[in-house]
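Before any comments, here is the structure.
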Amino acid sequence: MSNPVNEAPLAPADTVIVAEALSKRYGSASAVDKISFNIKKGEVFGLLGPNGAGKTTTILMMLGLTEISSGSISVLGYDPARQPLQVKQRVGYLPDSVGFYDHLTAVENLAYTAKLMGLSLKERTQRIADALKRVRLDDVAGKRVATFSRGMRQRLGLAEIIIKKAEIAILDEPTSGLDPQATLEFLDLIRELKAEGITVLLSSHLLDQVQRICDRVALFQSGQIVLMGSVAELSVQVLGAGFVVEVEAEGAGIARRLATIPGVSNVETLAKDRFRMTAERDVRADAARAVVAVDGSLRRLSVDEPSLEAIYARYFQGKTAGGVRHAA
Amino acid sequence: MRREGSPFQGLGAVFAKEVTDNISSVRMLVLELLIVLTALAALYGAIDNLRTNTAEDPFLLLRLFTLSSAPLPSFVAILGFLIPLMAIGLGFDSVNSEFNRRTLSRLLAQPIYRDALLMGKFLAGLATLAVSLTALWLMVIGLGLIFLGVPPGTEEIGRSLVFLVIAIFYAGVWLSLSMLLSIVFRSPATAALVALGIWLFLAVLWPMLAPAFAQVIAPPDPRYTALGLETPDTGLWSQFLLRFSPNDLFGEAMLAILSPTTRTLGAVFLDQLRGAVMGAPLPLGESIMIAWPQTVGLIASTIVLFVAGYILFQRQEVRA
């Protein structure tokens, strides 16, 4: 609030969301605690973290739906606290487990929100038909939403964002509770949005999906962003290396032998015959040679892509032991 | 901090949607049937009574509203009792159902302010009630024409129109109350029960309790009691307490408007009667003057309750 007149971001021109020391307090409890981040135009940005970590609160502050306690946020150059209509005109929001009027049809539901967006009748009809086709709901357009599955409702919510022609799409837990098939379809739709140049902000606690789709992620924990960056960056930062190789082999002294391979920073013994190596390069060939060298029998050799799950687990394990702090 | 943009953006869309919902809902149909049927019964009694008993009455049409024939109460009394039910039926789940359906955050993510949503819902409810009451009013006039065969005079129409306006605001009080409760309570069932509780208390219990409280505050004077009269102080207190109920305000206003001979709603002072021709009707303007405080009371309660709901709604967290 130091510069109330002009809060235009002093960031590169392609930055669409700038948050600085953004905080939200409920009484003495802090829901969001001084978080700062920039989101670039056209990227898919993931907000990760356990439930109650402050993801939804952050989103609501972006839309001006909840008051900001301190700090500032600018969305497309507008201040959501003072110009919420400008922000909401340009930003689409799919809330966590979105609801519709069950007694209305898909088209009627969309028509109502399209009217609230201020679209004319002609524009409304056209955009609704197009959007329903995009999310593959055109064959149930005239059906009551009461009969829709959860996946269909989520897609209907996405249709609303498409109708708005939003520049930023904010999706709160879009795939939680969907079956695998519906999840895949939904992730495809998100990719389509990205291909159109729409900036997507995605909150989730399902790490696997976030990893598949996000360019960058921010890891939330009790109201703070503890890690931020691309998955590859984070894995180097947290795991200390890019590769995790798992070896399943029987034989004496394999663990010791594996640890001597150059580039390997750590060998964990998971079971009598299973080992996990952390390395800065792909050491599978060396590992195979090492096992053979001690006359062991190699049964499996696999390399893990750096996974968010591993990063996540490692980070929170490591934190108690005084691990990595804020990385942004 | 000042926000930009009009608070009324989207008001029209919300209003249109809510009116459609209200009018097409089964709930509304049932409430309307209930009111029309009871009102018809009351009117039938009144018409029957009028045809056999009345010879010369300058306000024949107005008698339709006020005349009661046992065992049925008068049309106005039935409305005073049932209008709140109708308003509560429209309002008790207006906001909390949006929460429970999880549609609220989706709606508020559209370029509108919360003001438009709440105001649109309130105005839609009021418009629905106004339409029903106007239909009811036309029905009464129509039945009067058919069965009494006397065309209503200008003043009668004027008085019955004033009745209509006051009835709409009376409904407004209950609508804002039930909407306020729908904001306070997340569960529609709780909101409905509390609203109905308040309605029963004010409509049934309060008329019994108010005189009792009045007797505690100003104990009756045995000298008046011996004469079989009400002690003036007790009477005034009783009336004062009764007026906290919108039902009483509505009843008093109706009395002044629909019975043109009503000269005052409170205690009569001797100087008020000086020069009065007993039983002579007052002009419409004078009757409105008598009913004015009650009418303003109803309008003010509507606004105060709406504002209370508005403030609570603005401060409410959107996330369910």
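All residue names refer to the structure tokens as shown: chains lettered A, B, ... in order, residues numbered from 1 in each chain, ligands numbered from 1 in order.
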Sorted by chain and rising residue number, which residues of chain B lie within 6 Å of chain A, and what are their closest atom pairs and distances in Å to one decimal, counting only C-alpha atoms, as a Markdown table?
```
| residue | atom | partner | partner_atom | distance |
| --- | --- | --- | --- | --- |
| B:Arg3 | CA | A:Arg82 | CA | 4.2 |
| B:Glu4 | CA | A:Gln83 | CA | 5.2 |
| B:Gly10 | CA | A:Leu116 | CA | 5.0 |
| B:Arg101 | CA | A:Gly99 | CA | 5.4 |
| B:Arg102 | CA | A:Gly99 | CA | 4.5 |
| B:Thr103 | CA | A:Gly99 | CA | 4.8 |
| B:Ala109 | CA | A:Lys88 | CA | 5.9 |
| B:Gln110 | CA | A:Lys88 | CA | 5.6 |
| B:Pro111 | CA | A:Leu85 | CA | 4.6 |
```
Could you write those residues out with N, CA and C atoms, as a PDB file, in the first residue's frame?
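Now in part-v7.pdb:
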```pdb
ATOM      1  N   ARG B   3     -14.326   1.423  -4.334  1.00  0.00           N
ATOM      2  CA  ARG B   3     -14.276   0.457  -5.426  1.00  0.00           C
ATOM      3  C   ARG B   3     -14.851   1.092  -6.673  1.00  0.00           C
ATOM      4  N   GLU B   4     -14.421   0.573  -7.806  1.00  0.00           N
ATOM      5  CA  GLU B   4     -14.866   1.145  -9.071  1.00  0.00           C
ATOM      6  C   GLU B   4     -15.982   0.314  -9.682  1.00  0.00           C
ATOM      7  N   GLY B  10     -25.475  -6.016 -13.619  1.00  0.00           N
ATOM      8  CA  GLY B  10     -25.957  -7.386 -13.471  1.00  0.00           C
ATOM      9  C   GLY B  10     -27.252  -7.497 -12.702  1.00  0.00           C
ATOM     10  N   ARG B 101     -25.609 -24.916  -2.902  1.00  0.00           N
ATOM     11  CA  ARG B 101     -25.486 -25.434  -4.260  1.00  0.00           C
ATOM     12  C   ARG B 101     -24.111 -25.148  -4.825  1.00  0.00           C
ATOM     13  N   ARG B 102     -23.331 -24.359  -4.073  1.00  0.00           N
ATOM     14  CA  ARG B 102     -21.986 -23.957  -4.498  1.00  0.00           C
ATOM     15  C   ARG B 102     -22.022 -23.121  -5.773  1.00  0.00           C
ATOM     16  N   THR B 103     -23.089 -22.374  -5.942  1.00  0.00           N
ATOM     17  CA  THR B 103     -23.172 -21.513  -7.114  1.00  0.00           C
ATOM     18  C   THR B 103     -22.708 -20.103  -6.791  1.00  0.00           C
ATOM     19  N   ALA B 109     -17.865 -14.609  -9.260  1.00  0.00           N
ATOM     20  CA  ALA B 109     -16.674 -14.493 -10.093  1.00  0.00           C
ATOM     21  C   ALA B 109     -17.013 -13.799 -11.410  1.00  0.00           C
ATOM     22  N   GLN B 110     -18.293 -13.562 -11.637  1.00  0.00           N
ATOM     23  CA  GLN B 110     -18.688 -12.791 -12.820  1.00  0.00           C
ATOM     24  C   GLN B 110     -18.561 -11.305 -12.481  1.00  0.00           C
ATOM     25  N   PRO B 111     -18.460 -10.463 -13.491  1.00  0.00           N
ATOM     26  CA  PRO B 111     -18.255  -9.037 -13.208  1.00  0.00           C
ATOM     27  C   PRO B 111     -19.485  -8.357 -12.612  1.00  0.00           C
TER      28      PRO B 111
END
```
List every residue of range 25-130 of chain A that DSSP, applied to the backbone of this structure, places in helix (DSSP H, G or I), and write the result as a ChimeraX atom specification.
/A:55-62,84-90,106-116,121-130
Please provide as an MDAnalysis selection string all residues within 12 Å of Leu34 in chain B, with the sequence filter that same-chain residues fewer than 4 positions apart are discarded (counting only C-alpha atoms).
chainID B and resid 27:30 38:41 78:79 81:83 85:86 136
Residue contacts of Gly229 in chain A (8 Å, only C-alpha atoms) excluding same-chain residues fewer than 3 positions away, as number ranges by chain:
A: 216-218, 233-234, 328
Pick from B:Arg223, B:Pro207, B:Arg51, B:Leu108 nearest to Gly144 in chain B, counting only C-alpha atoms:
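For Gly144 in chain B, the nearest of the given residues is B:Arg51.
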Which of range 211-277 of chain A DSSP labels strand (DSSP E), written as a PyMOL selection string
chain A and resi 216-221+224-229+243-250+264-271+274-277
Residues near Gly177 in chain A, cut-off 9 Å, only C-alpha atoms, skip fewer than 2 positions along chain, as an mmCIF file with N, CA and C atoms, in the first residue's frame:
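Dumped everything to selection-v6.cif:
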```
data_model
loop_
_atom_site.group_PDB
_atom_site.id
_atom_site.type_symbol
_atom_site.label_atom_id
_atom_site.label_comp_id
_atom_site.auth_asym_id
_atom_site.auth_seq_id
_atom_site.Cartn_x
_atom_site.Cartn_y
_atom_site.Cartn_z
ATOM 1 N N SER A 97 -15.170 -27.787 -6.542
ATOM 2 C CA SER A 97 -16.475 -28.456 -6.679
ATOM 3 C C SER A 97 -17.583 -27.459 -7.036
ATOM 4 N N ARG A 150 -19.975 -35.530 -12.222
ATOM 5 C CA ARG A 150 -19.059 -34.527 -11.726
ATOM 6 C C ARG A 150 -18.120 -34.021 -12.815
ATOM 7 N N GLY A 151 -17.666 -34.934 -13.643
ATOM 8 C CA GLY A 151 -16.773 -34.546 -14.726
ATOM 9 C C GLY A 151 -17.456 -33.589 -15.691
ATOM 10 N N PRO A 174 -9.437 -28.574 -9.927
ATOM 11 C CA PRO A 174 -10.360 -28.939 -11.008
ATOM 12 C C PRO A 174 -10.541 -30.435 -11.182
ATOM 13 N N THR A 175 -9.562 -31.228 -10.779
ATOM 14 C CA THR A 175 -9.679 -32.655 -11.079
ATOM 15 C C THR A 175 -9.913 -33.502 -9.847
ATOM 16 N N ASP A 179 -12.914 -39.315 -12.110
ATOM 17 C CA ASP A 179 -12.328 -40.614 -12.406
ATOM 18 C C ASP A 179 -11.196 -40.414 -13.411
ATOM 19 N N THR A 183 -10.434 -37.188 -15.738
ATOM 20 C CA THR A 183 -9.271 -36.370 -15.424
ATOM 21 C C THR A 183 -8.442 -36.126 -16.682
#
```
Using only C-alpha atoms, which protein or nucleic acid residues come within 7 Å of Gly251 in chain A? Drop anything in the same chain fewer than 3 positions from it, and give the result as an NGL selection string.
:A and (254 or 295-297)
Spatial neighbours of Val304 in chain B, max dist 12 Å, only C-alpha atoms, sep filter under 2 positions, as a ChimeraX atom specification:
/B:172-177,180,296-302,306-311
When you count only C-alpha atoms, which of these residues is closest to Gly80 in chain B: B:Phe169, B:Phe122, B:Phe147, B:Phe250?
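The answer is B:Phe250, which sits nearest to Gly80 in chain B.
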Go through B:Ser68, B:Ser178, B:Gln316, B:Gln239 one by one, measure the shortest atom-to-atom distance of each to Pro84 in chain B using only C-alpha atoms, and give the residue with the smallest value.
B:Ser178
